[in-house]
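Undergrad: Sharing a structure with you now.
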Amino acid sequence: MKIIPAKDASYVQLEAFFEKNVNVNKKQVFEKGYVVEIKQKIEGCFVLEQVEENIYWLKQLYITQTEAGRLPFLLESILTLAKQQNAKSVYVHSHQPVVDILLEALQFHPQKEHMFEDKYPTNKGSWWAYNVS
């Protein structure tokens with residue numbers, strides 16, 4: 001599994017991935033995100049956006065159903081990437097109970113307040129935070 005800045009990925013592979021995964025915001029992923037390459041094929045993507053100094057928001061996290069079992073490893077790789085970028089905290093807005101369970105298992109902490117709500121309104125779901133050490 002390789003994490004590659006979307007800008008550096010193969011255009012042909014990106015287009016194939018976006019055609020099959022129409023719910024992904026391809027403009028946002030291409031401009032600010034990363035793709036997940038497994039066996040020379042893009043199988044996932046995410047955006048790790050800095051919202052304040054040393055504070056990042058993990059958005060657009062997606063992995064294909066066939067590779068969903070790798071999600072815990074992908075999240076750990078994303079946290080390593082955040083640490084390399086000197087992040088102190090990584091926030092995630094989850095709207096799926098299965099993701100909530102996974103985040104809790106990876107030592108993310110639920111947040112009572114709605115993070116970044118004034119700048120970035122979100123629908124239903126839960127906010128989680130991870131303190132990068």
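The chains in the structure tokens are called A, B, ... from first to last as shown; in each chain the residues are counted from 1, and the ligands are counted from 1 in the order shown.
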List the spatial neighbours of Lys39 (chain A) as an MDAnalysis selection string - criterion: any atom at most 12 Å away, only C-alpha atoms, same-chain residues fewer than 5 positions off excluded.

TA: chainID A and resid 1:2 13 67

Undergrad: I'd like the contact shell of region 50-66 of chain A - 7 Å cut-off, only C-alpha atoms, skipping same-chain residues fewer than 3 positions apart - returned as a list in words.

TA: Val24, Glu43, Gly44, Cys45, Phe46, Val47, Asn86, Ala87, Lys88, Ser89, Val90, Tyr91 and Val92 of chain A

Undergrad: Output all heavy atoms for every residue in that selection, as a compact mmCIF listing (two decimals), in the first residue's frame.

TA:
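So the final result, stored in out_16.txt, reads:
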# COMPACT_ATOMS: atom_id res chain seq x y z
N VAL A 24 -16.87 10.83 -4.59
CA VAL A 24 -15.65 11.47 -4.13
C VAL A 24 -15.52 12.82 -4.84
O VAL A 24 -15.72 12.92 -6.05
CB VAL A 24 -14.43 10.57 -4.43
CG1 VAL A 24 -13.14 11.30 -4.12
CG2 VAL A 24 -14.52 9.27 -3.67
N GLU A 43 -7.00 2.63 -5.04
CA GLU A 43 -8.12 2.00 -4.34
C GLU A 43 -8.72 2.89 -3.25
O GLU A 43 -9.67 2.50 -2.58
CB GLU A 43 -7.66 0.68 -3.70
CG GLU A 43 -7.21 -0.37 -4.69
CD GLU A 43 -8.36 -1.05 -5.43
OE1 GLU A 43 -9.54 -0.77 -5.15
OE2 GLU A 43 -8.07 -1.87 -6.31
N GLY A 44 -8.16 4.08 -3.06
CA GLY A 44 -8.68 4.95 -2.02
C GLY A 44 -8.11 6.34 -2.15
O GLY A 44 -7.24 6.61 -2.98
N CYS A 45 -8.63 7.24 -1.29
CA CYS A 45 -8.15 8.62 -1.30
C CYS A 45 -8.51 9.27 0.02
O CYS A 45 -9.33 8.77 0.79
CB CYS A 45 -8.76 9.39 -2.46
SG CYS A 45 -10.55 9.56 -2.36
N PHE A 46 -7.88 10.42 0.27
CA PHE A 46 -8.21 11.23 1.43
C PHE A 46 -7.59 12.61 1.25
O PHE A 46 -6.72 12.82 0.43
CB PHE A 46 -7.71 10.59 2.74
CG PHE A 46 -6.22 10.46 2.84
CD1 PHE A 46 -5.45 11.45 3.44
CD2 PHE A 46 -5.58 9.34 2.35
CE1 PHE A 46 -4.08 11.33 3.54
CE2 PHE A 46 -4.20 9.21 2.43
CZ PHE A 46 -3.45 10.21 3.04
N VAL A 47 -8.10 13.54 2.06
CA VAL A 47 -7.55 14.89 2.13
C VAL A 47 -7.17 15.12 3.58
O VAL A 47 -7.98 14.90 4.48
CB VAL A 47 -8.58 15.94 1.67
CG1 VAL A 47 -8.05 17.35 1.88
CG2 VAL A 47 -8.96 15.72 0.21
N ASN A 86 4.22 17.74 11.26
CA ASN A 86 4.24 18.42 12.56
C ASN A 86 2.85 18.71 13.12
O ASN A 86 2.67 19.69 13.84
CB ASN A 86 5.07 19.71 12.50
CG ASN A 86 6.52 19.41 12.18
OD1 ASN A 86 7.09 18.48 12.75
ND2 ASN A 86 7.10 20.16 11.27
N ALA A 87 1.90 17.87 12.80
CA ALA A 87 0.55 18.04 13.35
C ALA A 87 0.56 17.75 14.85
O ALA A 87 1.28 16.86 15.31
CB ALA A 87 -0.42 17.10 12.65
N LYS A 88 -0.23 18.52 15.57
CA LYS A 88 -0.44 18.23 16.99
C LYS A 88 -1.76 17.48 17.18
O LYS A 88 -1.88 16.65 18.06
CB LYS A 88 -0.44 19.52 17.79
CG LYS A 88 0.92 20.20 17.84
CD LYS A 88 1.04 21.05 19.07
CE LYS A 88 2.31 21.85 19.17
NZ LYS A 88 3.52 21.27 18.75
N SER A 89 -2.74 17.80 16.32
CA SER A 89 -4.05 17.15 16.40
C SER A 89 -4.59 16.88 14.99
O SER A 89 -4.36 17.67 14.08
CB SER A 89 -5.06 18.03 17.13
OG SER A 89 -4.64 18.30 18.44
N VAL A 90 -5.31 15.77 14.88
CA VAL A 90 -6.01 15.43 13.65
C VAL A 90 -7.47 15.21 14.02
O VAL A 90 -7.77 14.43 14.93
CB VAL A 90 -5.43 14.17 12.97
CG1 VAL A 90 -6.27 13.77 11.77
CG2 VAL A 90 -3.98 14.38 12.58
N TYR A 91 -8.36 15.91 13.32
CA TYR A 91 -9.79 15.79 13.55
C TYR A 91 -10.44 15.05 12.39
O TYR A 91 -10.02 15.16 11.25
CB TYR A 91 -10.44 17.17 13.70
CG TYR A 91 -10.06 17.83 15.00
CD1 TYR A 91 -8.91 18.60 15.10
CD2 TYR A 91 -10.85 17.66 16.13
CE1 TYR A 91 -8.55 19.20 16.30
CE2 TYR A 91 -10.49 18.26 17.33
CZ TYR A 91 -9.35 19.02 17.41
OH TYR A 91 -9.00 19.60 18.60
N VAL A 92 -11.47 14.28 12.74
CA VAL A 92 -12.23 13.52 11.75
C VAL A 92 -13.70 13.74 12.05
O VAL A 92 -14.12 13.69 13.22
CB VAL A 92 -11.92 12.00 11.83
CG1 VAL A 92 -12.76 11.23 10.83
CG2 VAL A 92 -10.45 11.74 11.62

Undergrad: From region 52-119 of chain A, collect each residue whose DSSP state is alpha helix (DSSP H) and return the set as a ChimeraX atom specification.

TA: /A:71-84,97-105

Undergrad: Quick one: write out the picked residues with N, CA and C atoms as a short mmCIF file (atom, residue, chain, number, x, y, z; two decimals), in the first residue's frame?

TA:
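Just written: selection.cif:
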data_model
loop_
_atom_site.label_atom_id
_atom_site.label_comp_id
_atom_site.auth_asym_id
_atom_site.auth_seq_id
_atom_site.Cartn_x
_atom_site.Cartn_y
_atom_site.Cartn_z
N LEU A 71 -8.41 -0.50 5.99
CA LEU A 71 -8.71 0.82 6.55
C LEU A 71 -7.95 1.11 7.85
N PRO A 72 -7.85 0.18 8.80
CA PRO A 72 -7.07 0.49 10.01
C PRO A 72 -5.61 0.83 9.69
N PHE A 73 -5.00 0.11 8.74
CA PHE A 73 -3.62 0.37 8.35
C PHE A 73 -3.50 1.72 7.63
N LEU A 74 -4.52 2.04 6.84
CA LEU A 74 -4.53 3.32 6.14
C LEU A 74 -4.60 4.46 7.15
N LEU A 75 -5.47 4.34 8.14
CA LEU A 75 -5.59 5.39 9.16
C LEU A 75 -4.27 5.57 9.92
N GLU A 76 -3.60 4.47 10.24
CA GLU A 76 -2.31 4.57 10.92
C GLU A 76 -1.28 5.26 10.03
N SER A 77 -1.31 4.98 8.73
CA SER A 77 -0.39 5.63 7.79
C SER A 77 -0.69 7.13 7.69
N ILE A 78 -1.96 7.48 7.72
CA ILE A 78 -2.34 8.89 7.66
C ILE A 78 -1.85 9.62 8.92
N LEU A 79 -1.95 8.99 10.07
CA LEU A 79 -1.46 9.61 11.30
C LEU A 79 0.06 9.78 11.26
N THR A 80 0.76 8.84 10.65
CA THR A 80 2.21 8.97 10.47
C THR A 80 2.52 10.15 9.56
N LEU A 81 1.76 10.29 8.49
CA LEU A 81 1.91 11.42 7.58
C LEU A 81 1.66 12.74 8.32
N ALA A 82 0.62 12.77 9.14
CA ALA A 82 0.31 13.98 9.92
C ALA A 82 1.47 14.32 10.86
N LYS A 83 2.05 13.31 11.47
CA LYS A 83 3.18 13.53 12.38
C LYS A 83 4.36 14.13 11.60
N GLN A 84 4.60 13.65 10.38
CA GLN A 84 5.68 14.18 9.55
C GLN A 84 5.43 15.64 9.19
N PRO A 97 -21.38 4.61 11.89
CA PRO A 97 -21.08 3.94 13.16
C PRO A 97 -19.87 3.01 13.10
N VAL A 98 -19.65 2.35 11.97
CA VAL A 98 -18.50 1.45 11.85
C VAL A 98 -17.19 2.24 11.93
N VAL A 99 -17.18 3.42 11.32
CA VAL A 99 -15.99 4.27 11.38
C VAL A 99 -15.78 4.76 12.81
N ASP A 100 -16.87 5.08 13.51
CA ASP A 100 -16.76 5.50 14.92
C ASP A 100 -16.06 4.42 15.75
N ILE A 101 -16.42 3.19 15.54
CA ILE A 101 -15.82 2.06 16.28
C ILE A 101 -14.33 1.97 15.96
N LEU A 102 -14.00 2.10 14.69
CA LEU A 102 -12.60 2.03 14.27
C LEU A 102 -11.80 3.18 14.86
N LEU A 103 -12.35 4.39 14.82
CA LEU A 103 -11.65 5.55 15.37
C LEU A 103 -11.39 5.38 16.87
N GLU A 104 -12.39 4.87 17.57
CA GLU A 104 -12.21 4.64 19.00
C GLU A 104 -11.12 3.61 19.26
N ALA A 105 -11.10 2.57 18.45
CA ALA A 105 -10.08 1.52 18.59
C ALA A 105 -8.67 2.07 18.33
#

Undergrad: Residues within 12 Å of Ser10 (chain A), please, as a tab-separated table (two decimals) with N, CA and C atoms, in the first residue's frame. Count only C-alpha atoms; anything in the same chain fewer than 4 positions from it doesn't count.

TA:
chain	number	residue	atom	x	y	z
A	4	ILE	N	0.25	8.40	-2.10
A	4	ILE	CA	0.87	9.29	-3.08
A	4	ILE	C	0.06	10.59	-3.15
A	5	PRO	N	0.73	11.76	-3.19
A	5	PRO	CA	-0.04	12.98	-3.44
A	5	PRO	C	-0.81	12.81	-4.76
A	6	ALA	N	-2.07	13.17	-4.77
A	6	ALA	CA	-2.91	12.95	-5.95
A	6	ALA	C	-2.31	13.62	-7.18
A	14	LEU	N	-6.12	7.86	-11.98
A	14	LEU	CA	-7.02	8.77	-11.25
A	14	LEU	C	-8.40	8.80	-11.90
A	15	GLU	N	-8.43	8.97	-13.21
A	15	GLU	CA	-9.71	9.02	-13.92
A	15	GLU	C	-10.50	7.72	-13.75
A	16	ALA	N	-9.80	6.59	-13.82
A	16	ALA	CA	-10.47	5.29	-13.63
A	16	ALA	C	-11.06	5.20	-12.23
A	17	PHE	N	-10.31	5.66	-11.23
A	17	PHE	CA	-10.80	5.63	-9.85
A	17	PHE	C	-12.01	6.54	-9.68
A	30	PHE	N	-7.75	16.03	-5.89
A	30	PHE	CA	-6.63	16.34	-6.78
A	30	PHE	C	-5.84	17.55	-6.29
A	35	VAL	N	-3.81	9.80	-2.77
A	35	VAL	CA	-4.48	8.58	-3.20
A	35	VAL	C	-3.74	7.39	-2.60
A	36	VAL	N	-4.46	6.28	-2.51
A	36	VAL	CA	-3.93	5.05	-1.95
A	36	VAL	C	-3.79	4.06	-3.09
A	37	GLU	N	-2.55	3.66	-3.34
A	37	GLU	CA	-2.28	2.72	-4.43
A	37	GLU	C	-2.00	1.34	-3.84
A	40	GLN	N	-0.57	-1.47	-7.88
A	40	GLN	CA	-0.56	-0.58	-9.05
A	40	GLN	C	-1.95	-0.07	-9.45
A	41	LYS	N	-2.87	0.00	-8.51
A	41	LYS	CA	-4.21	0.49	-8.79
A	41	LYS	C	-4.65	1.41	-7.66
A	42	ILE	N	-5.29	2.54	-7.99
A	42	ILE	CA	-5.78	3.43	-6.95
A	42	ILE	C	-7.05	2.84	-6.36

Undergrad: Could you give me, as a ChimeraX atom specification, the residues within 12 Å of Gln111 (chain A), counting only C-alpha atoms and dropping anything in the same chain fewer than 3 positions from it?

TA: /A:90-94,100,104,108,114-116,125-130

Undergrad: So which bits of region 26-91 of chain A end up strand (DSSP E) when you DSSP the backbone, as a PyMOL selection string?

TA: chain A and resi 33-38+41-52+55-63+89-91

Undergrad: Compare A:Leu106, A:Leu48, A:Ile3, A:Ala68 by their minimum atom-to-atom distance to Val29 (chain A), counting only C-alpha atoms, and give me the closest one.

TA: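 The closest residue to Val29 (chain A) is A:Leu48.
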
Undergrad: Using CA of Glu113 (chain A) and CA of Gln96 (chain A) as the two end points, give the distance in Å to one decimal.

TA: 18.0 Å

Undergrad: Please, what distance in Å, to one decimal, runs between CA of Lys27 (chain A) and CA of His95 (chain A)?

TA: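 Atom-to-atom, CA of Lys27 (chain A) and CA of His95 (chain A) are spaced 21.7 Å apart.
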
Undergrad: Just to confirm, what's the straight-line distance from CA of Gln28 (chain A) to CA of Glu49 (chain A) in Å (one decimal)?

TA: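 Between these atoms lies a distance of 10.2 Å.
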